[in-house]
>>> print(open('upload10.txt').read())   # compact mmCIF, C-alpha atoms
# COMPACT_ATOMS: atom_id res chain seq x y z
CA MET A 1 12.82 43.47 -43.99
CA ALA A 2 13.40 46.86 -45.58
CA MET A 3 11.42 47.97 -48.61
CA TRP A 4 13.75 50.03 -50.82
CA CYS A 5 11.73 52.12 -53.28
CA THR A 6 13.04 53.89 -56.37
CA ILE A 7 11.34 56.93 -57.91
CA ARG A 8 11.14 58.32 -61.46
CA THR A 9 12.34 55.10 -63.10
CA PHE A 10 9.79 55.47 -65.91
CA ALA A 11 10.33 58.78 -67.71
CA LYS A 12 6.66 59.26 -68.59
CA HIS A 13 5.66 58.98 -64.93
CA ALA A 14 8.26 61.54 -63.89
CA ILE A 15 6.90 63.95 -66.50
CA GLU A 16 3.24 63.43 -65.53
CA LEU A 17 4.06 64.63 -62.00
CA GLY A 18 5.95 67.64 -63.28
CA ASN A 19 9.42 66.24 -62.65
CA GLN A 20 12.40 65.80 -64.91
CA PRO A 21 13.45 62.20 -65.70
CA VAL A 22 16.62 61.20 -63.89
CA SER A 23 19.65 59.15 -64.89
CA ASP A 24 20.77 58.16 -61.37
CA PRO A 25 18.48 56.28 -58.96
CA ILE A 26 16.70 58.17 -56.18
CA PHE A 27 15.37 56.17 -53.20
CA PHE A 28 13.18 56.25 -50.16
CA VAL A 29 12.51 53.43 -47.68
CA LYS A 30 9.24 52.07 -46.36
CA PRO A 31 9.47 50.28 -42.99
CA GLU A 32 8.04 46.79 -42.74
CA GLY A 33 5.15 48.13 -40.69
CA CYS A 34 3.75 49.77 -43.84
CA LEU A 35 3.02 46.35 -45.35
CA HIS A 36 -0.69 45.64 -45.87
CA GLU A 37 -1.33 42.06 -44.83
CA SER A 38 -4.91 41.29 -45.88
CA GLY A 39 -8.40 42.64 -46.40
CA PRO A 40 -9.59 45.81 -48.15
CA LEU A 41 -7.29 48.79 -48.44
CA PRO A 42 -8.33 51.24 -45.68
CA VAL A 43 -8.30 54.38 -47.82
CA SER A 44 -11.06 56.09 -45.80
CA ALA A 45 -9.06 55.62 -42.59
CA HIS A 46 -6.12 57.58 -43.97
CA PRO A 47 -6.33 61.34 -43.22
CA GLY A 48 -5.53 62.33 -46.79
CA GLU A 49 -5.63 61.14 -50.39
CA VAL A 50 -4.42 57.67 -51.40
CA HIS A 51 -3.07 57.18 -54.93
CA HIS A 52 -2.04 53.94 -56.61
CA GLU A 53 1.39 53.18 -58.09
CA VAL A 54 1.85 49.67 -59.53
CA GLU A 55 5.41 48.32 -59.48
CA CYS A 56 7.55 45.24 -60.00
CA VAL A 57 8.91 44.17 -56.61
CA VAL A 58 12.11 42.12 -56.40
CA LYS A 59 13.12 40.00 -53.41
CA LEU A 60 16.87 39.87 -52.69
CA ASP A 61 19.07 37.09 -51.39
CA GLU A 62 22.11 37.53 -49.12
CA ALA A 63 24.24 38.51 -52.13
CA SER A 64 21.59 41.00 -53.33
CA ARG A 65 20.70 38.83 -56.30
CA PRO A 66 17.07 38.79 -57.50
CA VAL A 67 15.48 35.52 -56.33
CA ALA A 68 11.76 36.26 -56.68
CA ILE A 69 9.47 38.87 -58.24
CA ALA A 70 5.94 40.07 -57.57
CA VAL A 71 3.55 42.86 -58.41
CA GLY A 72 3.32 45.56 -55.77
CA LEU A 73 1.48 48.75 -54.88
CA ASP A 74 3.35 51.77 -53.52
CA LEU A 75 0.40 53.77 -52.17
CA THR A 76 1.04 57.50 -51.93
CA ASP A 77 -0.70 60.46 -50.33
CA ARG A 78 -0.18 62.71 -53.36
CA ALA A 79 -1.56 65.92 -51.84
CA THR A 80 0.63 65.59 -48.76
CA GLN A 81 3.61 64.74 -50.95
CA GLY A 82 3.07 67.93 -52.92
CA GLU A 83 2.88 70.04 -49.77
CA LEU A 84 6.07 68.49 -48.38
CA ARG A 85 7.91 68.93 -51.66
CA ALA A 86 6.94 72.59 -51.79
CA GLU A 87 8.54 73.05 -48.36
CA GLN A 88 11.55 70.89 -49.32
CA LEU A 89 10.71 68.50 -46.47
CA PRO A 90 11.02 64.68 -46.34
CA TRP A 91 8.15 62.61 -47.74
CA ALA A 92 7.64 60.11 -44.92
CA LYS A 93 4.08 61.21 -44.15
CA ALA A 94 3.15 60.81 -47.83
CA LYS A 95 4.77 57.42 -48.40
CA CYS A 96 5.08 55.55 -45.10
CA PHE A 97 1.57 55.48 -43.70
CA ARG A 98 -0.26 52.34 -42.56
CA SER A 99 -1.04 49.83 -45.35
CA SER A 100 0.90 51.91 -47.89
CA ALA A 101 2.76 48.89 -49.29
CA VAL A 102 1.01 45.92 -50.88
CA ILE A 103 2.94 42.98 -52.33
CA GLY A 104 1.36 40.21 -54.37
CA PRO A 105 2.48 36.58 -54.43
CA PHE A 106 6.18 36.14 -55.16
CA VAL A 107 7.28 33.79 -57.94
CA PRO A 108 10.85 32.48 -58.24
CA TRP A 109 13.16 34.39 -60.58
CA ASP A 110 16.29 32.65 -61.85
CA GLY A 111 17.23 35.36 -64.34
CA THR A 112 19.58 38.30 -63.93
CA TRP A 113 18.85 41.93 -63.11
CA GLU A 114 19.24 42.66 -66.82
CA ASP A 115 16.71 39.99 -67.75
CA LEU A 116 13.97 41.85 -65.87
CA VAL A 117 13.99 44.57 -68.52
CA ASP A 118 14.93 42.42 -71.53
CA PRO A 119 12.21 42.87 -74.18
CA ALA A 120 12.56 39.16 -74.97
CA GLN A 121 11.26 38.36 -71.46
CA GLY A 122 8.19 40.49 -72.12
CA LEU A 123 7.45 41.41 -68.50
CA GLN A 124 4.74 44.05 -68.17
CA LEU A 125 2.83 45.89 -65.45
CA ASP A 126 -0.79 46.90 -65.53
CA LEU A 127 -3.36 48.20 -63.08
CA SER A 128 -7.12 48.58 -63.42
CA VAL A 129 -9.62 50.32 -61.13
CA ASN A 130 -13.24 49.18 -61.42
CA GLY A 131 -12.39 47.47 -64.72
CA THR A 132 -10.79 50.55 -66.30
CA LEU A 133 -7.12 50.28 -67.22
CA ARG A 134 -5.12 53.11 -65.65
CA GLN A 135 -1.49 51.99 -65.79
CA SER A 136 0.22 49.75 -68.35
CA ALA A 137 3.84 49.53 -69.47
CA PRO A 138 6.49 46.93 -70.28
CA LEU A 139 9.41 46.82 -67.88
CA HIS A 140 11.83 47.49 -70.73
CA GLU A 141 10.54 51.10 -70.80
CA MET A 142 12.34 51.78 -67.51
CA SER A 143 14.83 54.61 -67.98
CA VAL A 144 16.53 53.73 -64.67
CA THR A 145 16.98 49.96 -64.69
CA PRO A 146 16.87 47.54 -61.75
CA ARG A 147 20.60 46.88 -62.28
CA GLN A 148 21.32 50.59 -61.87
CA GLN A 149 19.14 50.64 -58.77
CA ILE A 150 20.81 47.74 -56.96
CA ASP A 151 24.31 48.91 -57.91
CA SER A 152 23.55 52.35 -56.49
CA LEU A 153 22.14 50.90 -53.28
CA HIS A 154 25.25 48.77 -52.81
CA ARG A 155 27.42 51.86 -52.69
CA TRP A 156 25.81 53.18 -49.51
CA ALA A 157 22.79 51.23 -48.22
CA PRO A 158 22.68 48.45 -45.59
CA VAL A 159 20.89 46.01 -47.90
CA ASN A 160 20.17 42.58 -46.38
CA GLY A 161 18.92 39.26 -47.65
CA GLY A 162 15.12 39.20 -47.58
CA ASP A 163 14.84 42.91 -48.34
CA VAL A 164 12.72 43.91 -51.33
CA LEU A 165 13.15 46.51 -54.05
CA PHE A 166 10.17 48.43 -55.46
CA THR A 167 11.51 49.27 -58.91
CA GLY A 168 9.26 52.21 -59.85
CA THR A 169 5.91 52.92 -61.46
CA PRO A 170 4.72 53.73 -64.99
CA ALA A 171 2.55 56.71 -65.89
CA GLY A 172 -1.15 56.75 -65.08
CA VAL A 173 -1.18 57.04 -61.29
CA GLY A 174 -4.41 58.20 -59.72
CA ARG A 175 -6.56 58.44 -56.61
CA LEU A 176 -8.34 55.51 -54.95
CA LEU A 177 -11.74 55.94 -53.29
CA PRO A 178 -13.79 53.76 -50.94
CA GLY A 179 -15.66 51.16 -52.98
CA ASP A 180 -13.00 50.94 -55.71
CA GLN A 181 -11.78 47.51 -56.82
CA VAL A 182 -8.10 47.39 -57.79
CA VAL A 183 -6.47 44.71 -59.93
CA ALA A 184 -2.69 44.99 -60.35
CA ARG A 185 -0.72 42.47 -62.40
CA LEU A 186 2.81 41.56 -63.36
CA LEU A 187 2.40 39.86 -66.73
CA GLN A 188 4.63 37.49 -68.68
CA ALA A 189 5.11 37.63 -72.45
CA ASN A 190 2.04 35.52 -73.23
CA GLY A 191 -0.19 37.90 -71.27
CA GLU A 192 -0.71 35.53 -68.35
CA PRO A 193 -0.17 37.03 -64.88
CA LEU A 194 2.86 35.94 -62.91
CA SER A 195 1.64 37.79 -59.82
CA GLN A 196 -1.67 39.54 -59.16
CA ILE A 197 -3.30 41.71 -56.52
CA ASP A 198 -7.11 41.90 -56.52
CA VAL A 199 -8.28 44.06 -53.64
CA GLY A 200 -11.12 46.37 -52.72
CA CYS A 201 -10.96 49.74 -51.00
CA GLU A 202 -12.98 50.79 -47.99
>>> encode(input="upload10.txt", output="C-alpha cells")
Amino acid sequence: MAMWCTIRTFAKHAIELGNQPVSDPIFFVKPEGCLHESGPLPVSAHPGEVHHEVECVVKLDEASRPVAIAVGLDLTDRATQGELRAEQLPWAKAKCFRSSAVIGPFVPWDGTWEDLVDPAQGLQLDLSVNGTLRQSAPLHEMSVTPRQQIDSLHRWAPVNGGDVLFTGTPAGVGRLLPGDQVVARLLQANGEPLSQIDVGCE
C-alpha cells in the first residue's frame, strides 16, 4: 500500500506556512512502514518536532475509484521540513518518519470524487488537542479537489488498488507534545463523526 499525500490543497493552510496556494496538485509519498498501528503517538522518541495535520483519507479500488473514507493524521517534523526547504532538498526526513501516518476507521463511500467536496454532503474535518479546537474546515473549502488530485496522479503515478490518498490539511497545524490528547474527526452534515482518532502522545 502506498500513501499518496497532497500538499497545499487548502489555501489558508498554504498561506499560514508562508506558501502560495497552488492550482495543480503537488505530492509526496509515505511508505507503508510510516503507518502507526496502535498505542500512543511516540512524539518524544522522534528526534525533532512533531506537528499535527488532520486530513480526509480516501481508499482506492483497482480502478482508482473512492471506495472508503477515513480521518487521518499526516504528522510532520516542521522544523526539519523548514531546514530542508531552505536547502531545496527533499522532505523525506520531515514526513516519512516512524508513526508519521495515522488512519482512523474507514467507512464505505459510494459517492463520486466530486461528492467528497459537495457542500450538500457537508463533510468536515476537525482536530482538537487537550479539548481545544485547533483545526476545522469543511471539505468544500479545498482549492485543489480530490478529483484534481487523482486525475493528476493517473498521468504519471503507479497507483494500485488498496492505495490511499491523503487529500490535504486545513489551516491550524501545530506542535504535539508528550501528554497531549488528540481527537481528530471526519464529520458528516449532522455533526456526527464518520471516522475518529482519539490518541494520546508520549
>>> closest_atom_pairs(input="upload10.txt", of="segment 51-155 of chain A", to="segment 20-41 of chain A", cutoff="9 Å", atoms="only C-alpha atoms", output="JSON lines")
{"residue": "A:Trp91", "atom": "CA", "partner": "A:Phe28", "partner_atom": "CA", "distance": 8.5}
{"residue": "A:Ala92", "atom": "CA", "partner": "A:Lys30", "partner_atom": "CA", "distance": 8.3}
{"residue": "A:Lys95", "atom": "CA", "partner": "A:Lys30", "partner_atom": "CA", "distance": 7.3}
{"residue": "A:Cys96", "atom": "CA", "partner": "A:Lys30", "partner_atom": "CA", "distance": 5.6}
{"residue": "A:Phe97", "atom": "CA", "partner": "A:Cys34", "partner_atom": "CA", "distance": 6.1}
{"residue": "A:Arg98", "atom": "CA", "partner": "A:Cys34", "partner_atom": "CA", "distance": 4.9}
{"residue": "A:Ser99", "atom": "CA", "partner": "A:His36", "partner_atom": "CA", "distance": 4.2}
{"residue": "A:Ser100", "atom": "CA", "partner": "A:Cys34", "partner_atom": "CA", "distance": 5.4}
{"residue": "A:Ala101", "atom": "CA", "partner": "A:Leu35", "partner_atom": "CA", "distance": 4.7}
{"residue": "A:Val102", "atom": "CA", "partner": "A:His36", "partner_atom": "CA", "distance": 5.3}
{"residue": "A:Ile103", "atom": "CA", "partner": "A:Leu35", "partner_atom": "CA", "distance": 7.8}
{"residue": "A:Ser143", "atom": "CA", "partner": "A:Ser23", "partner_atom": "CA", "distance": 7.3}
{"residue": "A:Val144", "atom": "CA", "partner": "A:Ser23", "partner_atom": "CA", "distance": 6.3}
{"residue": "A:Thr145", "atom": "CA", "partner": "A:Pro25", "partner_atom": "CA", "distance": 8.7}
{"residue": "A:Gln148", "atom": "CA", "partner": "A:Pro25", "partner_atom": "CA", "distance": 7.0}
{"residue": "A:Gln149", "atom": "CA", "partner": "A:Pro25", "partner_atom": "CA", "distance": 5.7}
{"residue": "A:Ser152", "atom": "CA", "partner": "A:Pro25", "partner_atom": "CA", "distance": 6.9}
{"residue": "A:Leu153", "atom": "CA", "partner": "A:Phe27", "partner_atom": "CA", "distance": 8.6}
>>> atom_distance(input="upload10.txt", atom1="atom CA of Arg155 of chain A", atom2="atom CA of Thr167 of chain A")
17.3 Å
>>> residues_around(input="upload10.txt", residues="Pro105 of chain A", least_positions_apart="3", cutoff="10 Å", atoms="all atoms listed in the file", output="list of chain:residue names")
A:Ala68, A:Ile69, A:Ala70, A:Val71, A:Gly72, A:Leu194, A:Ser195, A:Gln196, A:Ile197
>>> closest_residue(input="upload10.txt", among="A:Ala86, A:Leu127, A:Asn190, A:Pro178", to="Ala45 of chain A", atoms="only C-alpha atoms")
A:Pro178
>>> closest_residue(input="upload10.txt", among="A:Leu125, A:Ala2, A:Leu89, A:Ala157", to="Val54 of chain A", atoms="only C-alpha atoms")
A:Leu125
>>> atom_distance(input="upload10.txt", atom1="atom CA of Gly104 of chain A", atom2="atom CA of Gln81 of chain A")
24.9 Å
>>> residues_around(input="upload10.txt", residues="Leu177 of chain A", least_positions_apart="5", cutoff="12 Å", atoms="only C-alpha atoms", output="PyMOL selection string")
chain A and resi 40-46+48-52+129-130+182+200-202
>>> atom_distance(input="upload10.txt", atom1="atom CA of Gln121 of chain A", atom2="atom CA of Gly168 of chain A")
18.2 Å
>>> closest_residue(input="upload10.txt", among="A:Val107, A:Leu176, A:Leu186, A:Val159", to="Val199 of chain A", atoms="all atoms listed in the file")
A:Leu176
>>> residues_around(input="upload10.txt", residues="Ser128 of chain A", least_positions_apart="6", cutoff="10 Å", atoms="only C-alpha atoms", output="list in words")
Val54, Arg134, Gln135, Ser136, Asp180, Gln181, Val182, Val183, Ala184, Arg185 and Asp198 of chain A
>>> closest_residue(input="upload10.txt", among="A:Leu187, A:Leu116, A:Ala171, A:Val67", to="Ile7 of chain A", atoms="all atoms listed in the file")
A:Ala171
>>> decode(input="upload10.txt", residues="segment 125-173 of chain A", atoms="N, CA and C atoms", output="PDB file, in the first residue's frame")
ATOM      1  N   LEU A 125     -13.695  18.368   8.490  1.00  0.00           N
ATOM      2  CA  LEU A 125     -12.600  17.897   9.335  1.00  0.00           C
ATOM      3  C   LEU A 125     -12.482  18.770  10.565  1.00  0.00           C
ATOM      4  N   ASP A 126     -12.154  18.151  11.696  1.00  0.00           N
ATOM      5  CA  ASP A 126     -11.709  18.960  12.832  1.00  0.00           C
ATOM      6  C   ASP A 126     -10.715  18.171  13.670  1.00  0.00           C
ATOM      7  N   LEU A 127      -9.912  18.913  14.421  1.00  0.00           N
ATOM      8  CA  LEU A 127      -8.911  18.308  15.291  1.00  0.00           C
ATOM      9  C   LEU A 127      -8.781  19.149  16.547  1.00  0.00           C
ATOM     10  N   SER A 128      -8.815  18.483  17.691  1.00  0.00           N
ATOM     11  CA  SER A 128      -8.641  19.134  18.987  1.00  0.00           C
ATOM     12  C   SER A 128      -7.446  18.522  19.712  1.00  0.00           C
ATOM     13  N   VAL A 129      -6.744  19.356  20.473  1.00  0.00           N
ATOM     14  CA  VAL A 129      -5.655  18.899  21.331  1.00  0.00           C
ATOM     15  C   VAL A 129      -5.983  19.332  22.749  1.00  0.00           C
ATOM     16  N   ASN A 130      -6.091  18.365  23.648  1.00  0.00           N
ATOM     17  CA  ASN A 130      -6.443  18.625  25.047  1.00  0.00           C
ATOM     18  C   ASN A 130      -7.745  19.424  25.156  1.00  0.00           C
ATOM     19  N   GLY A 131      -8.696  19.113  24.282  1.00  0.00           N
ATOM     20  CA  GLY A 131     -10.018  19.734  24.324  1.00  0.00           C
ATOM     21  C   GLY A 131     -10.108  21.084  23.629  1.00  0.00           C
ATOM     22  N   THR A 132      -9.006  21.575  23.082  1.00  0.00           N
ATOM     23  CA  THR A 132      -9.009  22.864  22.391  1.00  0.00           C
ATOM     24  C   THR A 132      -8.997  22.634  20.879  1.00  0.00           C
ATOM     25  N   LEU A 133      -9.978  23.201  20.194  1.00  0.00           N
ATOM     26  CA  LEU A 133     -10.070  23.035  18.750  1.00  0.00           C
ATOM     27  C   LEU A 133      -8.941  23.784  18.055  1.00  0.00           C
ATOM     28  N   ARG A 134      -8.192  23.087  17.227  1.00  0.00           N
ATOM     29  CA  ARG A 134      -7.080  23.703  16.500  1.00  0.00           C
ATOM     30  C   ARG A 134      -7.335  23.782  14.996  1.00  0.00           C
ATOM     31  N   GLN A 135      -7.933  22.749  14.442  1.00  0.00           N
ATOM     32  CA  GLN A 135      -8.200  22.722  13.005  1.00  0.00           C
ATOM     33  C   GLN A 135      -9.674  22.416  12.766  1.00  0.00           C
ATOM     34  N   SER A 136     -10.293  23.127  11.834  1.00  0.00           N
ATOM     35  CA  SER A 136     -11.693  22.868  11.490  1.00  0.00           C
ATOM     36  C   SER A 136     -11.994  23.505  10.144  1.00  0.00           C
ATOM     37  N   ALA A 137     -12.498  22.694   9.208  1.00  0.00           N
ATOM     38  CA  ALA A 137     -12.856  23.222   7.891  1.00  0.00           C
ATOM     39  C   ALA A 137     -13.716  22.205   7.159  1.00  0.00           C
ATOM     40  N   PRO A 138     -14.695  22.684   6.381  1.00  0.00           N
ATOM     41  CA  PRO A 138     -15.444  21.784   5.504  1.00  0.00           C
ATOM     42  C   PRO A 138     -14.588  21.391   4.301  1.00  0.00           C
ATOM     43  N   LEU A 139     -14.818  20.198   3.794  1.00  0.00           N
ATOM     44  CA  LEU A 139     -14.028  19.743   2.652  1.00  0.00           C
ATOM     45  C   LEU A 139     -14.274  20.598   1.415  1.00  0.00           C
ATOM     46  N   HIS A 140     -15.431  21.255   1.338  1.00  0.00           N
ATOM     47  CA  HIS A 140     -15.686  22.054   0.135  1.00  0.00           C
ATOM     48  C   HIS A 140     -14.797  23.299   0.056  1.00  0.00           C
ATOM     49  N   GLU A 141     -14.030  23.590   1.122  1.00  0.00           N
ATOM     50  CA  GLU A 141     -13.075  24.700   1.048  1.00  0.00           C
ATOM     51  C   GLU A 141     -11.769  24.323   0.344  1.00  0.00           C
ATOM     52  N   MET A 142     -11.626  23.062  -0.042  1.00  0.00           N
ATOM     53  CA  MET A 142     -10.413  22.666  -0.764  1.00  0.00           C
ATOM     54  C   MET A 142     -10.293  23.469  -2.052  1.00  0.00           C
ATOM     55  N   SER A 143      -9.115  24.040  -2.276  1.00  0.00           N
ATOM     56  CA  SER A 143      -8.864  24.751  -3.532  1.00  0.00           C
ATOM     57  C   SER A 143      -8.259  23.836  -4.585  1.00  0.00           C
ATOM     58  N   VAL A 144      -7.739  22.692  -4.167  1.00  0.00           N
ATOM     59  CA  VAL A 144      -7.297  21.629  -5.077  1.00  0.00           C
ATOM     60  C   VAL A 144      -8.098  20.389  -4.696  1.00  0.00           C
ATOM     61  N   THR A 145      -9.053  20.000  -5.525  1.00  0.00           N
ATOM     62  CA  THR A 145     -10.038  18.993  -5.147  1.00  0.00           C
ATOM     63  C   THR A 145      -9.475  17.578  -5.249  1.00  0.00           C
ATOM     64  N   PRO A 146     -10.121  16.624  -4.579  1.00  0.00           N
ATOM     65  CA  PRO A 146      -9.719  15.223  -4.736  1.00  0.00           C
ATOM     66  C   PRO A 146      -9.762  14.748  -6.185  1.00  0.00           C
ATOM     67  N   ARG A 147     -10.746  15.212  -6.966  1.00  0.00           N
ATOM     68  CA  ARG A 147     -10.787  14.833  -8.386  1.00  0.00           C
ATOM     69  C   ARG A 147      -9.538  15.327  -9.116  1.00  0.00           C
ATOM     70  N   GLN A 148      -9.129  16.555  -8.873  1.00  0.00           N
ATOM     71  CA  GLN A 148      -7.892  17.054  -9.483  1.00  0.00           C
ATOM     72  C   GLN A 148      -6.692  16.214  -9.051  1.00  0.00           C
ATOM     73  N   GLN A 149      -6.690  15.806  -7.789  1.00  0.00           N
ATOM     74  CA  GLN A 149      -5.568  15.040  -7.263  1.00  0.00           C
ATOM     75  C   GLN A 149      -5.450  13.683  -7.946  1.00  0.00           C
ATOM     76  N   ILE A 150      -6.555  12.936  -8.020  1.00  0.00           N
ATOM     77  CA  ILE A 150      -6.476  11.599  -8.602  1.00  0.00           C
ATOM     78  C   ILE A 150      -6.218  11.674 -10.103  1.00  0.00           C
ATOM     79  N   ASP A 151      -6.785  12.660 -10.786  1.00  0.00           N
ATOM     80  CA  ASP A 151      -6.518  12.801 -12.218  1.00  0.00           C
ATOM     81  C   ASP A 151      -5.053  13.095 -12.476  1.00  0.00           C
ATOM     82  N   SER A 152      -4.447  13.923 -11.640  1.00  0.00           N
ATOM     83  CA  SER A 152      -3.025  14.220 -11.788  1.00  0.00           C
ATOM     84  C   SER A 152      -2.176  12.985 -11.541  1.00  0.00           C
ATOM     85  N   LEU A 153      -2.491  12.249 -10.474  1.00  0.00           N
ATOM     86  CA  LEU A 153      -1.739  11.024 -10.182  1.00  0.00           C
ATOM     87  C   LEU A 153      -1.798  10.042 -11.344  1.00  0.00           C
ATOM     88  N   HIS A 154      -2.956   9.926 -11.962  1.00  0.00           N
ATOM     89  CA  HIS A 154      -3.122   8.962 -13.048  1.00  0.00           C
ATOM     90  C   HIS A 154      -2.226   9.251 -14.241  1.00  0.00           C
ATOM     91  N   ARG A 155      -1.797  10.485 -14.374  1.00  0.00           N
ATOM     92  CA  ARG A 155      -0.969  10.829 -15.521  1.00  0.00           C
ATOM     93  C   ARG A 155       0.463  10.309 -15.397  1.00  0.00           C
ATOM     94  N   TRP A 156       0.886   9.971 -14.149  1.00  0.00           N
ATOM     95  CA  TRP A 156       2.286   9.595 -14.001  1.00  0.00           C
ATOM     96  C   TRP A 156       2.576   8.564 -12.914  1.00  0.00           C
ATOM     97  N   ALA A 157       1.655   8.373 -11.970  1.00  0.00           N
ATOM     98  CA  ALA A 157       1.978   7.575 -10.778  1.00  0.00           C
ATOM     99  C   ALA A 157       1.496   6.134 -10.908  1.00  0.00           C
ATOM    100  N   PRO A 158       2.244   5.177 -10.347  1.00  0.00           N
ATOM    101  CA  PRO A 158       1.826   3.773 -10.347  1.00  0.00           C
ATOM    102  C   PRO A 158       0.817   3.491  -9.228  1.00  0.00           C
ATOM    103  N   VAL A 159      -0.376   4.041  -9.371  1.00  0.00           N
ATOM    104  CA  VAL A 159      -1.409   3.895  -8.350  1.00  0.00           C
ATOM    105  C   VAL A 159      -2.017   2.496  -8.449  1.00  0.00           C
ATOM    106  N   ASN A 160      -2.203   1.841  -7.303  1.00  0.00           N
ATOM    107  CA  ASN A 160      -2.757   0.491  -7.261  1.00  0.00           C
ATOM    108  C   ASN A 160      -3.971   0.433  -6.351  1.00  0.00           C
ATOM    109  N   GLY A 161      -4.824  -0.555  -6.594  1.00  0.00           N
ATOM    110  CA  GLY A 161      -5.940  -0.794  -5.698  1.00  0.00           C
ATOM    111  C   GLY A 161      -5.461  -1.055  -4.282  1.00  0.00           C
ATOM    112  N   GLY A 162      -6.133  -0.457  -3.307  1.00  0.00           N
ATOM    113  CA  GLY A 162      -5.704  -0.564  -1.915  1.00  0.00           C
ATOM    114  C   GLY A 162      -4.826   0.575  -1.460  1.00  0.00           C
ATOM    115  N   ASP A 163      -4.291   1.361  -2.399  1.00  0.00           N
ATOM    116  CA  ASP A 163      -3.555   2.569  -2.026  1.00  0.00           C
ATOM    117  C   ASP A 163      -4.523   3.572  -1.390  1.00  0.00           C
ATOM    118  N   VAL A 164      -3.966   4.537  -0.670  1.00  0.00           N
ATOM    119  CA  VAL A 164      -4.790   5.581  -0.063  1.00  0.00           C
ATOM    120  C   VAL A 164      -4.262   6.946  -0.468  1.00  0.00           C
ATOM    121  N   LEU A 165      -5.175   7.908  -0.466  1.00  0.00           N
ATOM    122  CA  LEU A 165      -4.850   9.294  -0.806  1.00  0.00           C
ATOM    123  C   LEU A 165      -5.158  10.188   0.383  1.00  0.00           C
ATOM    124  N   PHE A 166      -4.111  10.828   0.932  1.00  0.00           N
ATOM    125  CA  PHE A 166      -4.275  11.880   1.937  1.00  0.00           C
ATOM    126  C   PHE A 166      -4.534  13.169   1.170  1.00  0.00           C
ATOM    127  N   THR A 167      -5.716  13.765   1.358  1.00  0.00           N
ATOM    128  CA  THR A 167      -6.166  14.829   0.459  1.00  0.00           C
ATOM    129  C   THR A 167      -5.814  16.239   0.912  1.00  0.00           C
ATOM    130  N   GLY A 168      -5.030  16.395   1.979  1.00  0.00           N
ATOM    131  CA  GLY A 168      -4.578  17.721   2.383  1.00  0.00           C
ATOM    132  C   GLY A 168      -5.237  18.224   3.651  1.00  0.00           C
ATOM    133  N   THR A 169      -4.583  19.188   4.284  1.00  0.00           N
ATOM    134  CA  THR A 169      -4.983  19.648   5.616  1.00  0.00           C
ATOM    135  C   THR A 169      -5.423  21.107   5.628  1.00  0.00           C
ATOM    136  N   PRO A 170      -6.407  21.431   6.474  1.00  0.00           N
ATOM    137  CA  PRO A 170      -6.789  22.838   6.659  1.00  0.00           C
ATOM    138  C   PRO A 170      -5.784  23.585   7.526  1.00  0.00           C
ATOM    139  N   ALA A 171      -5.990  24.882   7.646  1.00  0.00           N
ATOM    140  CA  ALA A 171      -5.146  25.724   8.499  1.00  0.00           C
ATOM    141  C   ALA A 171      -5.296  25.320   9.966  1.00  0.00           C
ATOM    142  N   GLY A 172      -4.283  25.712  10.750  1.00  0.00           N
ATOM    143  CA  GLY A 172      -4.326  25.477  12.188  1.00  0.00           C
ATOM    144  C   GLY A 172      -3.370  24.426  12.680  1.00  0.00           C
ATOM    145  N   VAL A 173      -2.429  23.997  11.844  1.00  0.00           N
ATOM    146  CA  VAL A 173      -1.481  22.958  12.248  1.00  0.00           C
ATOM    147  C   VAL A 173      -0.637  23.464  13.414  1.00  0.00           C
TER     148      VAL A 173
END
